[in-house]
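Colleague: Just one file: work-v5.csv, with CSV, C-alpha atoms.
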chain,number,residue,atom,x,y,z
A,1,MET,CA,-4.5,39.0,-21.2
A,2,SER,CA,-0.7,38.5,-21.3
A,3,LYS,CA,1.3,37.3,-24.4
A,4,VAL,CA,1.9,33.9,-22.8
A,5,THR,CA,-1.8,33.5,-21.8
A,6,ASN,CA,-2.8,34.3,-25.4
A,7,LYS,CA,-0.4,31.7,-26.8
A,8,LEU,CA,-1.6,29.0,-24.4
A,9,ALA,CA,-5.2,29.8,-25.1
A,10,SER,CA,-4.6,29.8,-28.8
A,11,GLY,CA,-2.8,26.4,-28.5
A,12,ILE,CA,-5.8,24.9,-26.6
A,13,ARG,CA,-8.2,26.1,-29.3
A,14,LYS,CA,-6.1,24.6,-32.0
A,15,VAL,CA,-5.9,21.2,-30.3
A,16,LYS,CA,-9.6,21.2,-29.6
A,17,GLU,CA,-10.3,21.9,-33.2
A,18,GLN,CA,-7.9,19.1,-34.3
A,19,GLN,CA,-9.6,16.7,-31.9
A,20,ALA,CA,-13.0,17.6,-33.1
A,21,THR,CA,-12.0,16.3,-36.6
A,22,PRO,CA,-9.8,13.3,-35.8
A,23,ALA,CA,-10.8,11.3,-38.9
A,24,ALA,CA,-9.3,13.8,-41.3
A,25,ALA,CA,-6.2,14.2,-39.3
A,26,ALA,CA,-5.6,10.5,-38.9
A,27,LYS,CA,-6.0,9.7,-42.6
A,28,GLN,CA,-2.5,9.5,-43.9
A,29,PRO,CA,-1.5,8.0,-47.3
A,30,ALA,CA,0.1,4.6,-47.1
A,31,SER,CA,3.9,4.6,-47.7
A,32,PRO,CA,4.8,2.9,-51.0
A,33,VAL,CA,8.1,1.7,-49.4
A,34,ASP,CA,7.8,-1.8,-47.9
A,35,HIS,CA,11.0,-1.5,-45.7
A,36,GLY,CA,12.2,-4.9,-46.9
A,37,LYS,CA,9.1,-6.8,-45.8
A,38,ALA,CA,8.5,-8.3,-49.2
A,39,GLU,CA,10.8,-10.8,-50.8
A,40,PRO,CA,12.9,-9.5,-53.7
A,41,ILE,CA,11.5,-10.2,-57.1
A,42,ALA,CA,13.4,-12.8,-59.1
A,43,ILE,CA,15.7,-11.4,-61.7
A,44,PRO,CA,14.8,-12.5,-65.3
A,45,GLY,CA,17.5,-14.6,-67.0
A,46,ARG,CA,19.0,-15.8,-63.7
A,47,ALA,CA,17.1,-19.0,-63.3
A,48,ASP,CA,17.5,-21.5,-60.4
A,49,THR,CA,19.2,-19.0,-58.0
A,50,GLY,CA,16.1,-18.7,-55.8
A,51,SER,CA,15.5,-15.4,-54.0
A,52,PHE,CA,17.7,-13.6,-51.6
A,53,LEU,CA,15.7,-15.0,-48.6
A,54,ASN,CA,15.2,-18.5,-50.0
A,55,PRO,CA,18.3,-19.4,-52.0
A,56,SER,CA,18.2,-22.7,-54.0
A,57,ARG,CA,21.8,-23.3,-53.2
A,58,VAL,CA,23.4,-22.9,-49.8
A,59,TRP,CA,27.0,-23.6,-50.9
A,60,PRO,CA,29.0,-21.5,-53.3
A,61,ASP,CA,30.5,-23.0,-56.4
B,1,MET,CA,-22.0,6.0,5.6
B,2,VAL,CA,-21.9,8.1,2.4
B,3,ALA,CA,-18.4,8.2,1.2
B,4,LEU,CA,-16.8,10.8,-1.0
B,5,ARG,CA,-15.2,9.0,-4.0
B,6,ILE,CA,-12.4,10.9,-5.7
B,7,ALA,CA,-10.4,9.7,-8.8
B,8,VAL,CA,-7.2,11.4,-9.8
B,9,ALA,CA,-6.7,10.9,-13.5
B,10,ASN,CA,-4.9,12.2,-16.5
B,11,GLN,CA,-4.0,10.3,-19.7
B,12,LYS,CA,-0.5,11.8,-19.7
B,13,GLY,CA,2.1,10.3,-17.5
B,14,GLY,CA,4.2,12.4,-15.1
B,15,THR,CA,1.6,15.0,-14.3
B,16,GLY,CA,1.8,14.2,-10.6
B,17,LYS,CA,-1.3,11.8,-10.2
B,18,THR,CA,0.3,9.6,-7.6
B,19,THR,CA,1.9,12.4,-5.7
B,20,LEU,CA,-1.5,14.2,-5.5
B,21,THR,CA,-3.4,11.0,-4.7
B,22,VAL,CA,-1.1,9.8,-1.9
B,23,ASN,CA,-0.9,13.2,-0.2
B,24,LEU,CA,-4.6,14.0,-0.6
B,25,ALA,CA,-5.3,10.5,0.9
B,26,ALA,CA,-3.1,11.3,3.9
B,27,GLY,CA,-5.0,14.6,4.3
B,28,PHE,CA,-8.4,12.9,4.2
B,29,HIS,CA,-7.2,10.1,6.5
B,30,ARG,CA,-6.8,12.8,9.2
B,31,ARG,CA,-10.5,13.6,8.8
B,32,GLY,CA,-12.0,10.1,8.7
B,33,GLU,CA,-11.6,6.5,7.5
B,34,THR,CA,-9.9,6.6,4.1
B,35,VAL,CA,-8.7,4.0,1.6
B,36,LEU,CA,-6.6,4.6,-1.5
B,37,LEU,CA,-7.3,2.2,-4.4
B,38,ASP,CA,-4.4,1.9,-6.8
B,39,ALA,CA,-5.7,1.3,-10.3
B,40,ASP,CA,-2.4,2.2,-11.9
B,41,PRO,CA,-0.6,-1.0,-13.2
B,42,GLN,CA,2.7,0.6,-12.2
B,43,GLY,CA,1.6,0.4,-8.6
B,44,SER,CA,3.5,3.5,-7.6
B,45,ALA,CA,1.2,4.3,-4.6
B,46,GLY,CA,1.8,0.8,-3.2
B,47,HIS,CA,5.5,1.2,-3.6
B,48,TRP,CA,5.3,4.6,-1.9
B,49,SER,CA,3.6,3.0,1.1
B,50,ARG,CA,6.0,0.0,1.2
B,51,VAL,CA,9.0,2.3,1.3
B,52,GLY,CA,7.7,3.9,4.5
B,53,GLY,CA,7.0,0.5,6.1
B,54,MET,CA,4.7,0.1,9.1
B,55,LYS,CA,5.4,3.6,10.5
B,56,ASN,CA,4.1,5.6,7.5
B,57,ASP,CA,1.2,7.9,7.9
B,58,LEU,CA,-0.7,6.8,4.8
B,59,PRO,CA,-4.1,5.2,4.8
B,60,PRO,CA,-4.5,1.6,3.6
B,61,ILE,CA,-3.6,1.2,-0.1
B,62,GLU,CA,-5.3,-1.6,-2.0
B,63,SER,CA,-4.4,-2.7,-5.5
B,64,LEU,CA,-7.4,-2.4,-8.0
B,65,ASP,CA,-7.1,-4.8,-10.9
B,66,GLY,CA,-9.1,-4.6,-14.1
B,67,ARG,CA,-12.1,-6.7,-12.9
B,68,GLU,CA,-15.1,-5.4,-11.0
B,69,VAL,CA,-13.7,-1.9,-10.6
B,70,GLY,CA,-17.1,-0.4,-9.9
B,71,ALA,CA,-17.9,-3.1,-7.3
B,72,ALA,CA,-14.6,-2.6,-5.6
B,73,ILE,CA,-15.1,1.1,-5.3
B,74,GLY,CA,-18.6,0.5,-4.0
B,75,ARG,CA,-17.3,-1.9,-1.3
B,76,ALA,CA,-14.7,0.6,-0.3
B,77,ALA,CA,-17.3,3.3,-0.1
B,78,GLY,CA,-19.4,1.2,2.2
B,79,SER,CA,-16.7,1.1,4.9
B,80,ASN,CA,-14.8,4.4,4.5
B,81,ARG,CA,-15.6,8.1,4.6
B,82,TYR,CA,-13.2,8.9,1.8
B,83,VAL,CA,-12.1,6.7,-1.2
B,84,LEU,CA,-9.4,7.9,-3.5
B,85,VAL,CA,-8.4,6.2,-6.7
B,86,ASP,CA,-5.1,6.6,-8.5
B,87,CYS,CA,-5.9,6.0,-12.2
B,88,PRO,CA,-3.8,4.5,-15.0
B,89,PRO,CA,-2.3,6.9,-17.5
B,90,HIS,CA,-4.3,5.7,-20.5
B,91,GLN,CA,-7.3,7.6,-21.6
B,92,GLY,CA,-8.9,4.7,-23.5
B,93,SER,CA,-8.4,2.1,-20.7
B,94,ASP,CA,-11.4,0.1,-19.6
B,95,ILE,CA,-10.2,0.6,-16.0
B,96,LEU,CA,-10.4,4.4,-16.3
B,97,ARG,CA,-13.8,4.2,-17.9
B,98,ALA,CA,-15.0,2.0,-15.1
B,99,VAL,CA,-13.5,4.3,-12.4
B,100,LEU,CA,-15.1,7.4,-13.9
B,101,ALA,CA,-18.5,5.6,-13.9
B,102,ALA,CA,-18.1,4.9,-10.1
B,103,VAL,CA,-16.8,8.1,-8.5
B,104,ASP,CA,-18.3,11.5,-7.5
B,105,LEU,CA,-15.3,13.7,-8.5
B,106,VAL,CA,-12.4,13.4,-10.8
B,107,LEU,CA,-9.3,15.6,-10.2
B,108,ILE,CA,-7.1,16.1,-13.2
B,109,PRO,CA,-3.6,17.3,-12.3
B,110,VAL,CA,-2.0,19.6,-14.9
B,111,GLN,CA,1.5,21.0,-14.8
B,112,PRO,CA,2.3,24.4,-16.3
B,113,SER,CA,3.6,23.0,-19.6
B,114,PRO,CA,1.8,23.1,-23.0
B,115,PRO,CA,1.9,19.2,-23.6
B,116,ASP,CA,0.3,18.7,-20.2
B,117,ILE,CA,-2.4,21.3,-21.1
B,118,TRP,CA,-3.0,19.7,-24.5
B,119,ALA,CA,-3.4,16.2,-22.9
B,120,SER,CA,-5.9,17.6,-20.4
B,121,ILE,CA,-8.2,18.5,-23.4
B,122,ALA,CA,-8.7,14.8,-24.2
B,123,MET,CA,-9.3,14.1,-20.5
B,124,ALA,CA,-12.0,16.8,-20.4
B,125,GLU,CA,-13.6,15.0,-23.3
B,126,ALA,CA,-13.3,11.6,-21.5
B,127,VAL,CA,-15.2,13.2,-18.6
B,128,GLN,CA,-17.9,14.4,-20.9
B,129,ASP,CA,-18.2,10.8,-22.3
B,130,ALA,CA,-18.3,9.4,-18.7
B,131,ARG,CA,-21.2,11.7,-17.8
B,132,ALA,CA,-23.4,9.6,-20.1
B,133,ARG,CA,-23.0,6.7,-17.6
B,134,ASN,CA,-22.5,8.8,-14.4
B,135,SER,CA,-24.5,12.0,-14.8
B,136,GLY,CA,-23.4,13.3,-11.3
B,137,LEU,CA,-19.7,13.2,-12.1
B,138,ARG,CA,-17.9,16.4,-11.2
B,139,ALA,CA,-14.5,17.2,-12.6
B,140,ASN,CA,-11.8,19.8,-11.8
B,141,LEU,CA,-8.3,20.5,-13.1
B,142,VAL,CA,-5.7,20.9,-10.3
B,143,LEU,CA,-2.6,22.9,-11.1
B,144,ASN,CA,0.6,21.1,-10.0
B,145,GLN,CA,4.2,22.1,-9.8
B,146,LEU,CA,3.4,25.8,-9.9
B,147,ASP,CA,6.2,28.3,-9.7
B,148,ARG,CA,5.0,31.9,-9.2
B,149,ARG,CA,8.1,33.2,-10.9
B,150,ASN,CA,7.3,31.4,-14.1
B,151,ALA,CA,5.1,33.2,-16.7
B,152,LEU,CA,3.4,29.9,-17.7
B,153,SER,CA,2.4,29.2,-14.1
B,154,CYS,CA,0.9,32.7,-13.9
B,155,SER,CA,-1.1,32.2,-17.1
B,156,MET,CA,-2.5,28.8,-16.4
B,157,HIS,CA,-5.8,29.8,-14.7
B,158,GLU,CA,-6.8,32.2,-17.4
B,159,ALA,CA,-5.7,30.0,-20.3
B,160,LEU,CA,-7.5,26.9,-19.0
B,161,GLY,CA,-10.7,28.9,-19.1
B,162,GLU,CA,-10.8,27.6,-22.7
B,163,LEU,CA,-11.6,24.1,-21.4
B,164,ASP,CA,-15.0,22.9,-20.2
B,165,VAL,CA,-13.6,21.6,-17.0
B,166,PRO,CA,-13.1,24.2,-14.2
B,167,VAL,CA,-9.8,24.7,-12.4
B,168,LEU,CA,-9.6,24.6,-8.7
B,169,ALA,CA,-8.5,27.9,-7.2
B,170,ASN,CA,-5.9,26.2,-5.2
B,171,GLY,CA,-3.0,24.1,-6.5
B,172,LEU,CA,0.3,22.6,-5.6
B,173,THR,CA,3.4,24.6,-5.7
B,174,ARG,CA,6.7,23.0,-6.8
B,175,ARG,CA,8.3,21.9,-3.5
B,176,ALA,CA,11.1,19.6,-2.5
B,177,ALA,CA,8.8,18.3,0.3
B,178,PHE,CA,6.8,16.2,-2.2
B,179,ARG,CA,10.0,14.4,-3.4
B,180,SER,CA,11.2,14.0,0.2
B,181,ALA,CA,7.9,12.5,1.2
B,182,ALA,CA,8.2,9.9,-1.6
B,183,LEU,CA,11.8,9.2,-0.6
B,184,GLU,CA,10.8,8.5,3.0
B,185,GLY,CA,7.6,6.7,2.1
B,186,CYS,CA,5.3,9.0,3.9
B,187,SER,CA,3.1,12.0,3.1
B,188,VAL,CA,4.1,15.6,3.4
B,189,TYR,CA,2.1,15.6,6.7
B,190,GLY,CA,4.6,13.1,8.0
B,191,LEU,CA,7.6,15.4,7.3
B,192,GLY,CA,6.9,17.7,10.3
B,193,GLY,CA,8.2,21.2,9.9
B,194,ARG,CA,9.8,20.4,6.5
B,195,GLY,CA,6.3,19.8,5.0
B,196,THR,CA,4.5,22.8,6.4
B,197,SER,CA,4.1,24.7,3.1
B,198,ALA,CA,3.2,21.6,1.2
B,199,VAL,CA,0.6,20.7,3.8
B,200,ARG,CA,-0.8,24.3,3.5
B,201,ASP,CA,-1.3,23.7,-0.3
B,202,LEU,CA,-3.0,20.4,0.3
B,203,GLU,CA,-5.3,21.6,3.0
B,204,ALA,CA,-6.4,24.4,0.8
B,205,ILE,CA,-7.2,21.9,-2.0
B,206,ILE,CA,-9.0,19.6,0.5
B,207,MET,CA,-11.1,22.4,1.9
B,208,GLU,CA,-12.0,23.5,-1.6
B,209,VAL,CA,-12.9,20.0,-2.7
B,210,MET,CA,-15.1,19.5,0.4
B,211,GLY,CA,-16.9,22.7,-0.4
B,212,LEU,CA,-17.7,21.8,-4.0
Using structure tokens, write down the structure from this file.
Modeller:
Amino acid sequence: MSKVTNKLASGIRKVKEQQATPAAAAKQPASPVDHGKAEPIAIPGRADTGSFLNPSRVWPD
Amino acid sequence: MVALRIAVANQKGGTGKTTLTVNLAAGFHRRGETVLLDADPQGSAGHWSRVGGMKNDLPPIESLDGREVGAAIGRAAGSNRYVLVDCPPHQGSDILRAVLAAVDLVLIPVQPSPPDIWASIAMAEAVQDARARNSGLRANLVLNQLDRRNALSCSMHEALGELDVPVLANGLTRRAAFRSAALEGCSVYGLGGRGTSAVRDLEAIIMEVMGL
């Protein structure tokens, strides 16, 4: 068996093993980063300014 | 009439499903009534035929939508000697499952590249699943785009012995004739002398398939 054949055959065996246990491979921990999906938390002491996405004022002072 | 129903399938795109299906269909068309059912939503087989217009040498090509796939294949088998189905490139698709439940043989084209080989492992498993509904389903890998000067091409037969699906002894060599045929909207049989070597490849595959 040539070196290339060995590598190909070994790759096939690895992929077959991986596919035989898909649940373990697919289970990834959830990312703690929300990528800006959630609204920013209001900053204490800065009342009445609303949030970044829903400002209480639309015109600057 | 007992038709031979052949699906050409692989979950990976770009493995040469349509090229193999269209040219095989043209080869079978020379032997008896043949229809090509295009189950691929991309409709490439239909485009191929339309490029060639009325003068192409291809058998009739019918679009197969997602409904009543099994019944459509059954109807085609009632009035043809050979039925070929070009499958969509999604392993989990309902259409592919329905096709595999309704054919006699599935050919899985594989190119000499590791990602193609890895994708064919999942296809081999899909075939195993399909046998629960279609116990007579036969399956073979077909090597495509072979280049004898390339070490990967030379190693394919031996390495694919790791899979449960056998490999056809004959495959398609990488040839410009297949691209020319698509460009002109015909099969390699319709290219005359320019298609001689490609026709030889296809005839060897057809003879092997008919002897299975």
Colleague: Could you pull the residues within 9 Å of Val188 in chain B, counting all atoms listed in the file, minus those fewer than 4 positions along the same chain, as a ChimeraX atom specification?
Modeller: /B:23,26,177-178,180-182,192,194-196,198-199
Colleague: Which residue gives the smallest distance to chain A among B:Ala176, B:Val167, B:Cys186, B:Ala124, with all atoms listed in the file counted?
Modeller: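 Closest to chain A of all the choices is B:Ala124.
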Colleague: What does the structure give for the distance between CA of Ile206 in chain B and CA of Gly193 in chain B, in Å to one decimal?
Modeller: 19.7 Å
Colleague: Please tabulate, as CSV, the residues of chain B that come within 12 Å of chain A, each with its closest pair of atoms and the distance in Å to one decimal, counting all atoms listed in the file and ordering rows by chain, then residue number upward.
Modeller:
residue,atom,partner,partner_atom,distance
B:Pro112,CA,A:Leu8,CA,10.1
B:Ser113,CA,A:Leu8,CA,9.3
B:Pro114,CA,A:Leu8,CA,7.0
B:Pro115,CA,A:Gly11,CA,9.9
B:Asp116,CA,A:Ile12,CA,10.8
B:Ile117,CA,A:Ile12,CA,7.4
B:Trp118,CA,A:Ile12,CA,6.3
B:Ala119,CA,A:Val15,CA,9.3
B:Ser120,CA,A:Ile12,CA,9.6
B:Ile121,CA,A:Lys16,CA,6.9
B:Ala122,CA,A:Gln19,CA,8.0
B:Met123,CA,A:Lys16,CA,11.5
B:Ala124,CA,A:Lys16,CA,10.5
B:Glu125,CA,A:Gln19,CA,9.6
B:Asn150,CA,A:Val4,CA,10.5
B:Ala151,CA,A:Val4,CA,6.9
B:Leu152,CA,A:Val4,CA,6.7
B:Ser153,CA,A:Thr5,CA,9.8
B:Cys154,CA,A:Thr5,CA,8.4
B:Ser155,CA,A:Thr5,CA,4.9
B:Met156,CA,A:Thr5,CA,7.2
B:His157,CA,A:Thr5,CA,8.9
B:Glu158,CA,A:Thr5,CA,6.8
B:Ala159,CA,A:Ala9,CA,4.8
B:Leu160,CA,A:Ala9,CA,7.1
B:Gly161,CA,A:Ala9,CA,8.2
B:Glu162,CA,A:Ala9,CA,6.5
B:Leu163,CA,A:Ile12,CA,7.8
B:Asp164,CA,A:Lys16,CA,11.0
Colleague: Would you mind telling me which residue in B:Gly185, B:Asp94, B:Pro59, B:Val99 lies nearest to Ala72 in chain B when using all atoms listed in the file?
Modeller: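 Of B:Gly185, B:Asp94, B:Pro59, B:Val99, the one nearest Ala72 in chain B is B:Val99, counting all atoms listed in the file.
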Colleague: As an exercise, work out the distance from CA of Ala132 in chain B to CA of Glu208 in chain B in Å and give it to one decimal place.
Modeller: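 Separation of CA of Ala132 in chain B and CA of Glu208 in chain B: 25.8 Å.
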Colleague: For CA of Asn144 in chain B and CA of Pro109 in chain B, determine how far apart the two atoms are, in Å to one decimal place.
Modeller: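 That distance, rounded to one decimal, is 6.1 Å.
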Colleague: List as a list in words the residues having at least one atom at most 12 Å from position (-24.4, 12.8, -5.5) as given in the file, counting only C-alpha atoms.
Modeller: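 I get Val2, Ala3, Leu4, Arg5, Ala102, Val103, Asp104, Leu105, Asn134, Ser135, Gly136, Leu137, Arg138 and Leu212 of chain B for the residues within 12 Å of that point.
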Colleague: Generate the output file for the selected residues, C-alpha atoms, as an mmCIF file, keeping the file's coordinate frame.
Modeller:
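See selection-v1.cif below for the written result:
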data_model
loop_
_atom_site.group_PDB
_atom_site.id
_atom_site.type_symbol
_atom_site.label_atom_id
_atom_site.label_comp_id
_atom_site.auth_asym_id
_atom_site.auth_seq_id
_atom_site.Cartn_x
_atom_site.Cartn_y
_atom_site.Cartn_z
ATOM 1 C CA VAL B 2 -21.900 8.100 2.400
ATOM 2 C CA ALA B 3 -18.400 8.200 1.200
ATOM 3 C CA LEU B 4 -16.800 10.800 -1.000
ATOM 4 C CA ARG B 5 -15.200 9.000 -4.000
ATOM 5 C CA ALA B 102 -18.100 4.900 -10.100
ATOM 6 C CA VAL B 103 -16.800 8.100 -8.500
ATOM 7 C CA ASP B 104 -18.300 11.500 -7.500
ATOM 8 C CA LEU B 105 -15.300 13.700 -8.500
ATOM 9 C CA ASN B 134 -22.500 8.800 -14.400
ATOM 10 C CA SER B 135 -24.500 12.000 -14.800
ATOM 11 C CA GLY B 136 -23.400 13.300 -11.300
ATOM 12 C CA LEU B 137 -19.700 13.200 -12.100
ATOM 13 C CA ARG B 138 -17.900 16.400 -11.200
ATOM 14 C CA LEU B 212 -17.700 21.800 -4.000
#
Colleague: Using all atoms listed in the file, can you tell me which of B:Asn10, B:Ser187, B:Thr19, B:Ser63 comes closest to Arg174 in chain B?
Modeller: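 Selected residue with least distance to Arg174 in chain B: B:Thr19.
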Colleague: Name the residues in contact with Ala98 in chain B at a cut-off of 12 Å, using only C-alpha atoms, excluding same-chain residues fewer than 3 positions from it; report them as a PyMOL selection string.
Modeller: chain B and resi 7+39+64-74+85+87-88+91-95+101-103+126-127+129-131+133-134
Colleague: Taking (-5.7, -2.0, -1.4) as a centre in this file's frame and 7 Å as the limit, can you find every polymer residue with an atom that close, using all atoms listed in the file, and give them as a PyMOL selection string?
Modeller: chain B and resi 36-38+60-64
Colleague: Could you turn the residues from that selection into a file that holds C-alpha atoms, as a tab-separated table (two decimals), in the coordinates of the input?
Modeller:
chain	number	residue	atom	x	y	z
B	36	LEU	CA	-6.60	4.60	-1.50
B	37	LEU	CA	-7.30	2.20	-4.40
B	38	ASP	CA	-4.40	1.90	-6.80
B	60	PRO	CA	-4.50	1.60	3.60
B	61	ILE	CA	-3.60	1.20	-0.10
B	62	GLU	CA	-5.30	-1.60	-2.00
B	63	SER	CA	-4.40	-2.70	-5.50
B	64	LEU	CA	-7.40	-2.40	-8.00
Colleague: Excluding Lys17 in chain B and its own-chain neighbours fewer than 4 positions away, which residues fall within 7 Å of it when counting only C-alpha atoms? Please give them as a PDB file with C-alpha atoms, in the frame of the given file.
Modeller:
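The resulting file, out06.pdb, is reproduced below:
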ATOM      1  CA  VAL B   8      -7.200  11.400  -9.800  1.00  0.00           C
ATOM      2  CA  ALA B   9      -6.700  10.900 -13.500  1.00  0.00           C
ATOM      3  CA  THR B  21      -3.400  11.000  -4.700  1.00  0.00           C
ATOM      4  CA  ASP B  86      -5.100   6.600  -8.500  1.00  0.00           C
ATOM      5  CA  PRO B 109      -3.600  17.300 -12.300  1.00  0.00           C
TER       6      PRO B 109
END
